[in-house]
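*Asks:* Contents of structure.cif (mmCIF, C-alpha atoms) are below:
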```cif
data_structure
loop_
_atom_site.group_PDB
_atom_site.id
_atom_site.type_symbol
_atom_site.label_atom_id
_atom_site.label_comp_id
_atom_site.auth_asym_id
_atom_site.auth_seq_id
_atom_site.Cartn_x
_atom_site.Cartn_y
_atom_site.Cartn_z
ATOM 1 C CA TRP A 221 86.166 -80.844 5.677
ATOM 2 C CA ALA A 222 88.176 -79.908 2.598
ATOM 3 C CA LEU A 223 85.443 -78.048 0.764
ATOM 4 C CA VAL A 224 85.418 -79.416 -2.750
ATOM 5 C CA HIS A 225 81.840 -78.349 -3.264
ATOM 6 C CA GLY A 226 82.059 -75.526 -5.783
ATOM 7 C CA VAL A 227 79.537 -72.691 -5.811
ATOM 8 C CA GLY A 228 78.920 -73.208 -9.505
ATOM 9 C CA GLY A 229 77.695 -76.732 -8.849
ATOM 10 C CA VAL A 230 75.253 -76.059 -6.012
ATOM 11 C CA GLY A 231 71.784 -76.024 -7.525
ATOM 12 C CA LEU A 232 69.112 -73.419 -6.868
ATOM 13 C CA GLU A 233 67.134 -74.901 -3.978
ATOM 14 C CA ALA A 234 64.929 -74.221 -1.005
ATOM 15 C CA THR A 235 65.908 -76.825 1.592
ATOM 16 C CA LEU A 236 64.070 -77.784 4.754
ATOM 17 C CA ILE A 237 66.149 -79.852 7.188
ATOM 18 C CA ALA A 238 63.986 -82.198 9.268
ATOM 19 C CA VAL A 239 65.676 -83.468 12.432
ATOM 20 C CA ASP A 240 65.022 -86.253 14.927
ATOM 21 C CA ASN A 241 64.370 -84.745 18.374
ATOM 22 C CA SER A 242 63.088 -87.942 19.961
ATOM 23 C CA GLY A 243 64.304 -89.297 23.279
ATOM 24 C CA TYR A 244 66.378 -91.859 21.373
ATOM 25 C CA MET A 245 68.814 -89.106 20.416
ATOM 26 C CA ILE A 246 70.491 -89.141 23.838
ATOM 27 C CA ASN A 247 72.176 -92.457 22.932
ATOM 28 C CA SER A 248 75.919 -92.430 22.330
ATOM 29 C CA ASP A 249 76.378 -95.227 19.783
ATOM 30 C CA HIS A 250 77.554 -92.640 17.237
ATOM 31 C CA ARG A 251 80.684 -90.760 18.342
ATOM 32 C CA PRO A 252 80.593 -88.471 20.247
ATOM 33 C CA SER A 253 76.787 -88.801 20.476
ATOM 34 C CA ARG A 254 73.755 -88.981 18.214
ATOM 35 C CA LEU A 255 72.870 -85.411 19.135
ATOM 36 C CA GLN A 256 76.284 -83.989 18.295
ATOM 37 C CA SER A 257 76.577 -86.086 15.140
ATOM 38 C CA GLN A 258 73.229 -84.817 13.877
ATOM 39 C CA TYR A 259 74.195 -81.222 14.718
ATOM 40 C CA GLU A 260 77.463 -81.548 12.766
ATOM 41 C CA CYS A 261 75.564 -82.940 9.785
ATOM 42 C CA VAL A 262 73.012 -80.127 9.891
ATOM 43 C CA ASN A 263 75.884 -77.625 9.974
ATOM 44 C CA LEU A 264 77.457 -79.332 6.961
ATOM 45 C CA VAL A 265 74.228 -79.298 4.953
ATOM 46 C CA CYS A 266 73.802 -75.600 5.743
ATOM 47 C CA GLN A 267 77.364 -74.775 4.675
ATOM 48 C CA VAL A 268 77.048 -76.609 1.363
ATOM 49 C CA LYS A 269 73.562 -75.416 0.442
ATOM 50 C CA THR A 270 74.203 -71.759 1.268
ATOM 51 C CA GLN A 271 77.262 -71.600 -0.984
ATOM 52 C CA ASN A 272 74.705 -70.568 -3.570
ATOM 53 C CA PRO A 273 73.617 -67.140 -2.230
ATOM 54 C CA GLU A 274 70.170 -67.517 -3.809
ATOM 55 C CA ASN A 275 69.368 -70.660 -1.837
ATOM 56 C CA THR A 276 67.201 -70.696 1.278
ATOM 57 C CA ILE A 277 67.249 -73.128 4.189
ATOM 58 C CA GLY A 278 65.024 -73.959 7.147
ATOM 59 C CA LEU A 279 64.628 -76.308 10.117
ATOM 60 C CA LEU A 280 61.809 -78.616 11.244
ATOM 61 C CA THR A 281 61.615 -80.994 14.210
ATOM 62 C CA MET A 282 59.798 -84.308 13.697
ATOM 63 C CA GLY A 283 59.400 -85.509 17.288
ATOM 64 C CA CYS A 284 56.013 -85.158 18.967
ATOM 65 C CA GLN A 285 54.527 -85.628 22.399
ATOM 66 C CA SER A 286 51.044 -85.193 20.965
ATOM 67 C CA ASP A 287 49.444 -84.447 17.613
ATOM 68 C CA SER A 288 48.967 -80.826 18.613
ATOM 69 C CA ASP A 289 52.624 -79.927 19.165
ATOM 70 C CA CYS A 290 54.365 -81.182 16.068
ATOM 71 C CA PRO A 291 55.910 -81.233 13.629
ATOM 72 C CA HIS A 292 57.243 -77.750 14.257
ATOM 73 C CA VAL A 293 58.940 -75.465 11.735
ATOM 74 C CA HIS A 294 61.528 -73.500 13.717
ATOM 75 C CA VAL A 295 63.056 -71.666 10.734
ATOM 76 C CA THR A 296 61.064 -71.236 7.554
ATOM 77 C CA PRO A 297 62.815 -71.991 4.254
ATOM 78 C CA ALA A 298 60.662 -69.362 2.527
ATOM 79 C CA THR A 299 63.199 -66.545 2.915
ATOM 80 C CA ASN A 300 66.050 -67.528 5.272
ATOM 81 C CA GLN A 301 69.406 -67.578 3.443
ATOM 82 C CA HIS A 302 71.778 -68.031 6.386
ATOM 83 C CA SER A 303 73.039 -70.914 8.521
ATOM 84 C CA GLY A 304 72.947 -68.937 11.777
ATOM 85 C CA PRO A 305 69.201 -69.111 12.549
ATOM 86 C CA VAL A 306 69.142 -72.837 11.766
ATOM 87 C CA LEU A 307 72.105 -73.655 14.022
ATOM 88 C CA ILE A 308 70.831 -71.461 16.864
ATOM 89 C CA SER A 309 67.466 -73.200 16.730
ATOM 90 C CA MET A 310 69.191 -76.574 16.517
ATOM 91 C CA SER A 311 71.120 -75.843 19.713
ATOM 92 C CA LYS A 312 67.885 -74.958 21.515
ATOM 93 C CA VAL A 313 66.265 -78.174 20.274
ATOM 94 C CA ASN A 314 69.231 -80.231 21.509
ATOM 95 C CA ASN A 315 68.964 -78.662 24.965
ATOM 96 C CA GLN A 316 65.365 -79.847 25.263
ATOM 97 C CA ILE A 317 65.856 -83.444 24.109
ATOM 98 C CA GLY A 318 65.327 -85.915 26.919
ATOM 99 C CA LYS A 319 63.613 -83.316 29.120
ATOM 100 C CA LEU A 320 60.181 -83.507 27.526
ATOM 101 C CA GLY A 321 59.568 -87.249 27.285
ATOM 102 C CA SER A 322 60.053 -89.602 24.379
ATOM 103 C CA ASN A 323 58.946 -87.282 21.535
ATOM 104 C CA MET A 324 58.386 -90.044 18.967
ATOM 105 C CA VAL A 325 59.056 -89.089 15.347
ATOM 106 C CA ARG A 326 55.937 -88.733 13.203
ATOM 107 C CA PHE A 327 57.507 -89.255 9.801
ATOM 108 C CA GLU A 328 54.551 -88.975 7.434
ATOM 109 C CA LYS A 329 53.148 -85.953 9.237
ATOM 110 C CA ALA A 330 56.582 -84.312 9.221
ATOM 111 C CA MET A 331 56.998 -84.828 5.466
ATOM 112 C CA ARG A 332 53.568 -83.312 4.838
ATOM 113 C CA THR A 333 54.406 -80.307 7.012
ATOM 114 C CA ALA A 334 57.761 -79.884 5.263
ATOM 115 C CA TYR A 335 56.083 -79.981 1.862
ATOM 116 C CA LEU A 336 53.556 -77.311 2.866
ATOM 117 C CA SER A 337 56.328 -75.122 4.279
ATOM 118 C CA LEU A 338 58.358 -75.379 1.077
ATOM 119 C CA LYS A 339 55.317 -74.418 -1.014
ATOM 120 C CA HIS A 340 55.556 -70.955 0.560
ATOM 121 C CA ARG A 341 59.062 -70.278 -0.790
ATOM 122 C CA LYS A 342 59.259 -66.837 -2.399
ATOM 123 C CA ASN A 343 61.410 -67.902 -5.342
ATOM 124 C CA LYS A 344 59.420 -70.486 -7.276
ATOM 125 C CA ASN A 345 62.485 -71.220 -9.429
ATOM 126 C CA GLN A 346 64.072 -72.933 -6.425
ATOM 127 C CA ARG A 347 63.867 -76.720 -6.398
ATOM 128 C CA PRO A 348 62.207 -77.777 -3.113
ATOM 129 C CA ARG A 349 64.192 -80.328 -1.109
ATOM 130 C CA ILE A 350 63.747 -82.046 2.256
ATOM 131 C CA VAL A 351 66.819 -83.398 4.071
ATOM 132 C CA ALA A 352 65.637 -85.642 6.914
ATOM 133 C CA PHE A 353 67.685 -87.189 9.733
ATOM 134 C CA ILE A 354 66.161 -90.257 11.403
ATOM 135 C CA GLY A 355 67.887 -92.020 14.299
ATOM 136 C CA SER A 356 64.914 -93.638 16.034
ATOM 137 C CA PRO A 357 62.304 -96.313 15.269
ATOM 138 C CA LEU A 358 59.306 -95.120 13.270
ATOM 139 C CA ALA A 359 56.235 -96.267 15.167
ATOM 140 C CA ASN A 360 52.650 -96.275 13.933
ATOM 141 C CA GLU A 361 53.566 -95.403 10.337
ATOM 142 C CA ASN A 362 51.441 -96.873 7.531
ATOM 143 C CA GLU A 363 53.756 -97.873 4.669
ATOM 144 C CA ALA A 364 51.012 -97.574 2.042
ATOM 145 C CA GLU A 365 50.238 -94.006 3.168
ATOM 146 C CA VAL A 366 53.928 -93.111 3.283
ATOM 147 C CA VAL A 367 54.395 -94.389 -0.290
ATOM 148 C CA LYS A 368 51.294 -92.493 -1.407
ATOM 149 C CA LEU A 369 52.771 -89.294 0.035
ATOM 150 C CA GLY A 370 56.071 -90.022 -1.702
ATOM 151 C CA LYS A 371 54.299 -90.132 -5.052
ATOM 152 C CA ILE A 372 52.611 -86.799 -4.317
ATOM 153 C CA LEU A 373 55.989 -85.231 -3.529
ATOM 154 C CA ARG A 374 57.449 -86.684 -6.720
ATOM 155 C CA LYS A 375 54.578 -85.269 -8.783
ATOM 156 C CA ASN A 376 55.293 -81.854 -7.278
ATOM 157 C CA ASN A 377 59.054 -82.079 -7.930
ATOM 158 C CA VAL A 378 60.040 -82.253 -4.263
ATOM 159 C CA ALA A 379 63.333 -84.103 -3.722
ATOM 160 C CA VAL A 380 63.995 -85.897 -0.434
ATOM 161 C CA ASP A 381 67.266 -87.067 1.104
ATOM 162 C CA ILE A 382 67.118 -89.256 4.212
ATOM 163 C CA ILE A 383 70.069 -89.934 6.513
ATOM 164 C CA SER A 384 69.178 -93.041 8.525
ATOM 165 C CA PHE A 385 71.399 -93.676 11.569
ATOM 166 C CA GLY A 386 71.261 -94.994 15.138
ATOM 167 C CA ASP A 387 68.353 -97.430 15.506
ATOM 168 C CA SER A 388 66.844 -96.496 12.170
ATOM 169 C CA PRO A 389 68.844 -98.681 9.696
ATOM 170 C CA ARG A 390 68.013 -101.812 11.685
ATOM 171 C CA ILE A 391 64.303 -101.054 12.040
ATOM 172 C CA ASN A 392 63.139 -98.590 9.390
ATOM 173 C CA SER A 393 64.893 -99.713 6.194
ATOM 174 C CA GLN A 394 61.841 -101.225 4.501
ATOM 175 C CA ILE A 395 59.536 -98.238 4.890
ATOM 176 C CA LEU A 396 62.258 -95.690 4.102
ATOM 177 C CA GLN A 397 63.346 -97.541 0.966
ATOM 178 C CA ALA A 398 59.728 -97.726 -0.167
ATOM 179 C CA PHE A 399 59.294 -93.991 0.432
ATOM 180 C CA ILE A 400 62.455 -93.019 -1.446
ATOM 181 C CA GLY A 401 61.515 -95.357 -4.292
ATOM 182 C CA ALA A 402 58.201 -93.507 -4.580
ATOM 183 C CA VAL A 403 59.547 -89.954 -4.305
ATOM 184 C CA ASP A 404 62.699 -90.264 -6.424
ATOM 185 C CA LYS A 405 62.784 -88.685 -9.868
ATOM 186 C CA ASP A 406 65.885 -89.197 -12.008
ATOM 187 C CA GLY A 407 68.142 -89.981 -9.046
ATOM 188 C CA THR A 408 67.548 -86.698 -7.205
ATOM 189 C CA SER A 409 66.475 -88.350 -3.926
ATOM 190 C CA HIS A 410 68.625 -90.595 -1.730
ATOM 191 C CA LEU A 411 68.584 -92.839 1.317
ATOM 192 C CA LEU A 412 71.902 -92.900 3.172
ATOM 193 C CA SER A 413 71.942 -95.742 5.698
ATOM 194 C CA LEU A 414 74.603 -95.428 8.409
ATOM 195 C CA PRO A 415 74.496 -98.003 11.221
ATOM 196 C CA PRO A 416 76.893 -97.107 14.064
ATOM 197 C CA ASN A 417 79.231 -100.016 13.295
ATOM 198 C CA GLU A 418 79.582 -99.002 9.644
ATOM 199 C CA CYS A 419 80.401 -95.320 10.097
ATOM 200 C CA PRO A 420 83.892 -94.186 9.032
ATOM 201 C CA PRO A 421 86.302 -92.915 11.710
ATOM 202 C CA GLY A 422 85.262 -89.336 10.974
ATOM 203 C CA GLY A 423 81.660 -90.122 11.882
ATOM 204 C CA LEU A 424 78.336 -89.259 10.298
ATOM 205 C CA SER A 425 79.363 -85.909 8.879
ATOM 206 C CA ASP A 426 82.349 -87.348 6.980
ATOM 207 C CA ALA A 427 80.130 -90.056 5.511
ATOM 208 C CA LEU A 428 77.518 -87.487 4.529
ATOM 209 C CA PHE A 429 80.066 -85.179 2.923
ATOM 210 C CA SER A 430 81.276 -87.844 0.500
ATOM 211 C CA SER A 431 77.848 -89.359 -0.120
ATOM 212 C CA PRO A 432 75.533 -88.739 -3.091
ATOM 213 C CA VAL A 433 73.363 -86.577 -0.825
ATOM 214 C CA LEU A 434 75.919 -83.761 -1.106
ATOM 215 C CA ALA A 435 78.577 -84.920 -3.553
ATOM 216 C CA ASP A 436 76.255 -85.587 -6.489
ATOM 217 C CA GLU A 437 74.953 -82.062 -6.711
ATOM 218 C CA SER A 438 78.074 -80.040 -6.054
ATOM 219 C CA ALA A 439 81.309 -81.972 -6.361
ATOM 220 C CA PRO A 440 83.301 -82.046 -9.610
ATOM 221 C CA PRO A 441 83.031 -85.398 -11.432
ATOM 222 C CA SER A 442 86.671 -86.187 -10.660
ATOM 223 C CA THR A 443 86.263 -85.808 -6.907
ATOM 224 C CA SER A 444 87.109 -88.979 -4.988
ATOM 225 C CA ARG A 445 84.244 -90.341 -2.903
ATOM 226 C CA PRO A 446 85.558 -93.004 -0.525
ATOM 227 C CA ASN A 447 82.540 -94.441 1.250
ATOM 228 C CA GLY A 448 84.265 -95.813 4.342
ATOM 229 C CA GLY A 449 81.798 -98.669 4.718
ATOM 230 C CA VAL A 450 78.770 -96.473 4.179
ATOM 231 C CA THR A 451 75.710 -98.052 2.677
ATOM 232 C CA ALA A 452 74.064 -95.605 0.311
ATOM 233 C CA VAL A 453 70.771 -96.621 -1.241
ATOM 234 C CA ASP A 454 69.691 -94.388 -4.115
ATOM 235 C CA GLY A 455 66.003 -94.456 -4.824
ATOM 236 C CA GLY A 456 65.019 -95.510 -8.321
ATOM 237 C CA SER A 457 62.331 -93.688 -10.205
ATOM 238 C CA SER A 458 58.927 -95.170 -9.766
ATOM 239 C CA GLY A 459 57.585 -94.832 -13.248
#
```
Starting from the file, lay out its structure as structure tokens.
*Replies:*
Amino acid sequence: WALVHGVGGVGLEATLIAVDNSGYMINSDHRPSRLQSQYECVNLVCQVKTQNPENTIGLLTMGCQSDSDCPHVHVTPATNQHSGPVLISMSKVNNQIGKLGSNMVRFEKAMRTAYLSLKHRKNKNQRPRIVAFIGSPLANENEAEVVKLGKILRKNNVAVDIISFGDSPRINSQILQAFIGAVDKDGTSHLLSLPPNECPPGGLSDALFSSPVLADESAPPSTSRPNGGVTAVDGGSSG
């Protein structure tokens, strides 16, 4: 990537990256694979967010075998200011995917866990943000409860960006749009929908780099943002 994201434009944030570690991630509809594409995107988010040395960043996995083992915060965003621990943990997560069963994503539970983790950030001047990657179908989620949680996050000034890829755009669009519509405040939350057949040649990470998820907060206004067929849905404020 040609880094156009200037340090002066990266806001003061504590970011928790929530990743999809379900069995669906072994699919290869995104080049070179869903797993590698997600890893590259996590790396990109880390690189952009940590350009501000006062920012912190963490990692959470959303896939569960049972209610007792997830969601799991691997790196807390309370104090960690470096990409290394996140990427090391991400590599370990990738090595386990497909070996432990289906690990279905529990979206609402993951968002609640992320919110609680971000509440423990040391610097209360940091804006709390969740960046979630979803590549699998969301099963057993109650849309009304998800929307209710979105409104709670909005009330507490938590921003959420969701990157929907793989199976997710085809199956989860309605519930994810409803959630982002509930959580968004003044255009600070986004849903980036990236079906495999609409990704640019550079893949998920190129689409993410030029999307509002990263470009809005840190790119100069004159920066070109070709979307390469990407569908970006920005949540509108919900009164």
*Asks:* Taking only C-alpha atoms into account, which of A:Arg349, A:Lys375, A:His292, A:His302 comes nearest Ile237 in chain A?
*Replies:* A:Arg349
*Asks:* What is the CA of Ser393 in chain A-CA of Gly422 in chain A distance in Å, reported with one decimal?
*Replies:*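 According to the coordinates, CA of Ser393 in chain A and CA of Gly422 in chain A are separated by 23.4 Å.
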*Asks:* On this file, the PyMOL selection byres ((chain A and resi 346) around 9) gives some set of residues; write that set as a short mmCIF file (atom, residue, chain, number, x, y, z; two decimals) with C-alpha atoms, in the frame of the given file.
*Replies:*
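File selection-v2.cif, as written:
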```
data_model
loop_
_atom_site.label_atom_id
_atom_site.label_comp_id
_atom_site.auth_asym_id
_atom_site.auth_seq_id
_atom_site.Cartn_x
_atom_site.Cartn_y
_atom_site.Cartn_z
CA GLY A 231 71.78 -76.02 -7.52
CA LEU A 232 69.11 -73.42 -6.87
CA GLU A 233 67.13 -74.90 -3.98
CA ALA A 234 64.93 -74.22 -1.00
CA GLU A 274 70.17 -67.52 -3.81
CA ASN A 275 69.37 -70.66 -1.84
CA THR A 276 67.20 -70.70 1.28
CA ARG A 341 59.06 -70.28 -0.79
CA LYS A 342 59.26 -66.84 -2.40
CA ASN A 343 61.41 -67.90 -5.34
CA LYS A 344 59.42 -70.49 -7.28
CA ASN A 345 62.48 -71.22 -9.43
CA ARG A 347 63.87 -76.72 -6.40
CA PRO A 348 62.21 -77.78 -3.11
#
```
*Asks:* Could you check which of A:Pro415, A:Gly407, A:Gly401, A:Gly386 is closest to Ser253 in chain A, using all atoms listed in the file?
*Replies:*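 The shortest atom-to-atom distance to Ser253 in chain A comes from A:Gly386.
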*Asks:* Which polymer residues have any atom within 10 Å of an atom of Arg326 in chain A, counting all atoms listed in the file, with same-chain residues fewer than 5 positions away left out, as a list in words?
*Replies:*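 Here the answer would be Asp240, Ser242, Thr281, Met282, Gly283, Cys284, Gln285, Ser286, Asp287, Cys290, Pro291, Met331, Leu358, Ala359, Asn360 and Glu361 of chain A.
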*Asks:* I'd like to know which of A:Gly304, A:Pro432, A:Pro389, A:Gly423 is closest to Cys261 in chain A, using all atoms listed in the file.
*Replies:*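 Looking at the shortest contact to Cys261 in chain A, the residue is A:Gly423.
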*Asks:* Fewer than 4 positions away in the same chain doesn't count, so skip those; otherwise give me all residues within 7 Å of range 263-270 of chain A, counting all atoms listed in the file, as a list of chain:residue names.
*Replies:*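 The residues satisfying every condition are A:His225, A:Val230, A:Tyr259, A:Asn275, A:Gln301, A:His302, A:Ser303, A:Leu307.
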*Asks:* To one decimal in Å, tell me the separation between CA of Val313 in chain A and CA of Met245 in chain A.
*Replies:*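 Interatomic distance here is 11.2 Å.
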*Asks:* Figure out the distance between CA of Val239 in chain A and CA of Lys339 in chain A, please, to one decimal in Å.
*Replies:*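 Answer for the CA of Lys339 in chain A to CA of Val239 in chain A separation: 19.2 Å.
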*Asks:* Taking the partial coordinates given, rebuild range 371-382 of chain A to contain all heavy atoms; return it as a PDB file, keeping the file's coordinate frame.
*Replies:*
```pdb
ATOM      1  N   LYS A 371      54.705 -90.350  -3.662  1.00  0.00           N
ATOM      2  CA  LYS A 371      54.299 -90.132  -5.052  1.00  0.00           C
ATOM      3  C   LYS A 371      53.766 -88.714  -5.259  1.00  0.00           C
ATOM      4  O   LYS A 371      53.981 -88.109  -6.314  1.00  0.00           O
ATOM      5  CB  LYS A 371      53.248 -91.171  -5.452  1.00  0.00           C
ATOM      6  CG  LYS A 371      53.807 -92.588  -5.542  1.00  0.00           C
ATOM      7  CD  LYS A 371      52.729 -93.597  -5.890  1.00  0.00           C
ATOM      8  CE  LYS A 371      53.307 -95.001  -6.000  1.00  0.00           C
ATOM      9  NZ  LYS A 371      52.258 -96.020  -6.310  1.00  0.00           N
ATOM     10  N   ILE A 372      53.084 -88.185  -4.241  1.00  0.00           N
ATOM     11  CA  ILE A 372      52.611 -86.799  -4.317  1.00  0.00           C
ATOM     12  C   ILE A 372      53.793 -85.836  -4.370  1.00  0.00           C
ATOM     13  O   ILE A 372      53.817 -84.884  -5.163  1.00  0.00           O
ATOM     14  CB  ILE A 372      51.705 -86.475  -3.117  1.00  0.00           C
ATOM     15  CG1 ILE A 372      50.404 -87.273  -3.210  1.00  0.00           C
ATOM     16  CG2 ILE A 372      51.426 -84.971  -3.034  1.00  0.00           C
ATOM     17  CD1 ILE A 372      49.525 -87.166  -1.968  1.00  0.00           C
ATOM     18  N   LEU A 373      54.795 -86.078  -3.531  1.00  0.00           N
ATOM     19  CA  LEU A 373      55.989 -85.231  -3.529  1.00  0.00           C
ATOM     20  C   LEU A 373      56.705 -85.306  -4.876  1.00  0.00           C
ATOM     21  O   LEU A 373      57.163 -84.291  -5.416  1.00  0.00           O
ATOM     22  CB  LEU A 373      56.927 -85.649  -2.401  1.00  0.00           C
ATOM     23  CG  LEU A 373      56.397 -85.481  -0.972  1.00  0.00           C
ATOM     24  CD1 LEU A 373      57.431 -85.962   0.042  1.00  0.00           C
ATOM     25  CD2 LEU A 373      56.011 -84.046  -0.696  1.00  0.00           C
ATOM     26  N   ARG A 374      56.806 -86.515  -5.412  1.00  0.00           N
ATOM     27  CA  ARG A 374      57.449 -86.684  -6.720  1.00  0.00           C
ATOM     28  C   ARG A 374      56.710 -85.894  -7.790  1.00  0.00           C
ATOM     29  O   ARG A 374      57.332 -85.206  -8.617  1.00  0.00           O
ATOM     30  CB  ARG A 374      57.494 -88.171  -7.088  1.00  0.00           C
ATOM     31  CG  ARG A 374      58.178 -88.473  -8.420  1.00  0.00           C
ATOM     32  CD  ARG A 374      58.144 -89.970  -8.711  1.00  0.00           C
ATOM     33  NE  ARG A 374      58.941 -90.316  -9.868  1.00  0.00           N
ATOM     34  CZ  ARG A 374      58.494 -90.289 -11.116  1.00  0.00           C
ATOM     35  NH1 ARG A 374      57.245 -89.907 -11.361  1.00  0.00           N
ATOM     36  NH2 ARG A 374      59.296 -90.615 -12.113  1.00  0.00           N
ATOM     37  N   LYS A 375      55.397 -85.985  -7.801  1.00  0.00           N
ATOM     38  CA  LYS A 375      54.578 -85.269  -8.783  1.00  0.00           C
ATOM     39  C   LYS A 375      54.802 -83.769  -8.694  1.00  0.00           C
ATOM     40  O   LYS A 375      54.724 -83.049  -9.701  1.00  0.00           O
ATOM     41  CB  LYS A 375      53.105 -85.603  -8.574  1.00  0.00           C
ATOM     42  CG  LYS A 375      52.161 -84.961  -9.574  1.00  0.00           C
ATOM     43  CD  LYS A 375      50.723 -85.372  -9.321  1.00  0.00           C
ATOM     44  CE  LYS A 375      49.773 -84.725 -10.326  1.00  0.00           C
ATOM     45  NZ  LYS A 375      48.373 -85.121 -10.062  1.00  0.00           N
ATOM     46  N   ASN A 376      55.087 -83.287  -7.488  1.00  0.00           N
ATOM     47  CA  ASN A 376      55.293 -81.854  -7.278  1.00  0.00           C
ATOM     48  C   ASN A 376      56.772 -81.466  -7.255  1.00  0.00           C
ATOM     49  O   ASN A 376      57.126 -80.377  -6.779  1.00  0.00           O
ATOM     50  CB  ASN A 376      54.605 -81.429  -5.981  1.00  0.00           C
ATOM     51  CG  ASN A 376      53.092 -81.411  -6.121  1.00  0.00           C
ATOM     52  OD1 ASN A 376      52.524 -80.444  -6.606  1.00  0.00           O
ATOM     53  ND2 ASN A 376      52.441 -82.485  -5.713  1.00  0.00           N
ATOM     54  N   ASN A 377      57.620 -82.355  -7.760  1.00  0.00           N
ATOM     55  CA  ASN A 377      59.054 -82.079  -7.930  1.00  0.00           C
ATOM     56  C   ASN A 377      59.780 -81.759  -6.627  1.00  0.00           C
ATOM     57  O   ASN A 377      60.705 -80.952  -6.597  1.00  0.00           O
ATOM     58  CB  ASN A 377      59.263 -80.933  -8.932  1.00  0.00           C
ATOM     59  CG  ASN A 377      58.806 -81.299 -10.329  1.00  0.00           C
ATOM     60  OD1 ASN A 377      59.140 -82.369 -10.841  1.00  0.00           O
ATOM     61  ND2 ASN A 377      58.025 -80.437 -10.948  1.00  0.00           N
ATOM     62  N   VAL A 378      59.345 -82.399  -5.541  1.00  0.00           N
ATOM     63  CA  VAL A 378      60.040 -82.253  -4.263  1.00  0.00           C
ATOM     64  C   VAL A 378      61.035 -83.403  -4.118  1.00  0.00           C
ATOM     65  O   VAL A 378      60.649 -84.574  -4.199  1.00  0.00           O
ATOM     66  CB  VAL A 378      59.057 -82.267  -3.077  1.00  0.00           C
ATOM     67  CG1 VAL A 378      59.811 -82.138  -1.755  1.00  0.00           C
ATOM     68  CG2 VAL A 378      58.015 -81.166  -3.224  1.00  0.00           C
ATOM     69  N   ALA A 379      62.303 -83.091  -3.945  1.00  0.00           N
ATOM     70  CA  ALA A 379      63.333 -84.103  -3.722  1.00  0.00           C
ATOM     71  C   ALA A 379      63.487 -84.340  -2.222  1.00  0.00           C
ATOM     72  O   ALA A 379      63.290 -83.415  -1.417  1.00  0.00           O
ATOM     73  CB  ALA A 379      64.664 -83.668  -4.329  1.00  0.00           C
ATOM     74  N   VAL A 380      63.819 -85.564  -1.848  1.00  0.00           N
ATOM     75  CA  VAL A 380      63.995 -85.897  -0.434  1.00  0.00           C
ATOM     76  C   VAL A 380      65.272 -86.710  -0.247  1.00  0.00           C
ATOM     77  O   VAL A 380      65.497 -87.694  -0.964  1.00  0.00           O
ATOM     78  CB  VAL A 380      62.805 -86.700   0.122  1.00  0.00           C
ATOM     79  CG1 VAL A 380      63.005 -86.980   1.618  1.00  0.00           C
ATOM     80  CG2 VAL A 380      61.480 -85.974  -0.106  1.00  0.00           C
ATOM     81  N   ASP A 381      66.104 -86.293   0.678  1.00  0.00           N
ATOM     82  CA  ASP A 381      67.266 -87.067   1.104  1.00  0.00           C
ATOM     83  C   ASP A 381      67.047 -87.481   2.544  1.00  0.00           C
ATOM     84  O   ASP A 381      66.667 -86.651   3.381  1.00  0.00           O
ATOM     85  CB  ASP A 381      68.554 -86.236   1.009  1.00  0.00           C
ATOM     86  CG  ASP A 381      68.892 -85.844  -0.414  1.00  0.00           C
ATOM     87  OD1 ASP A 381      68.769 -86.711  -1.309  1.00  0.00           O
ATOM     88  OD2 ASP A 381      69.266 -84.674  -0.631  1.00  0.00           O
ATOM     89  N   ILE A 382      67.274 -88.758   2.843  1.00  0.00           N
ATOM     90  CA  ILE A 382      67.118 -89.256   4.212  1.00  0.00           C
ATOM     91  C   ILE A 382      68.441 -89.827   4.697  1.00  0.00           C
ATOM     92  O   ILE A 382      69.054 -90.651   4.013  1.00  0.00           O
ATOM     93  CB  ILE A 382      66.030 -90.334   4.295  1.00  0.00           C
ATOM     94  CG1 ILE A 382      64.665 -89.731   3.930  1.00  0.00           C
ATOM     95  CG2 ILE A 382      65.977 -90.940   5.701  1.00  0.00           C
ATOM     96  CD1 ILE A 382      63.539 -90.744   3.920  1.00  0.00           C
TER      97      ILE A 382
END
```
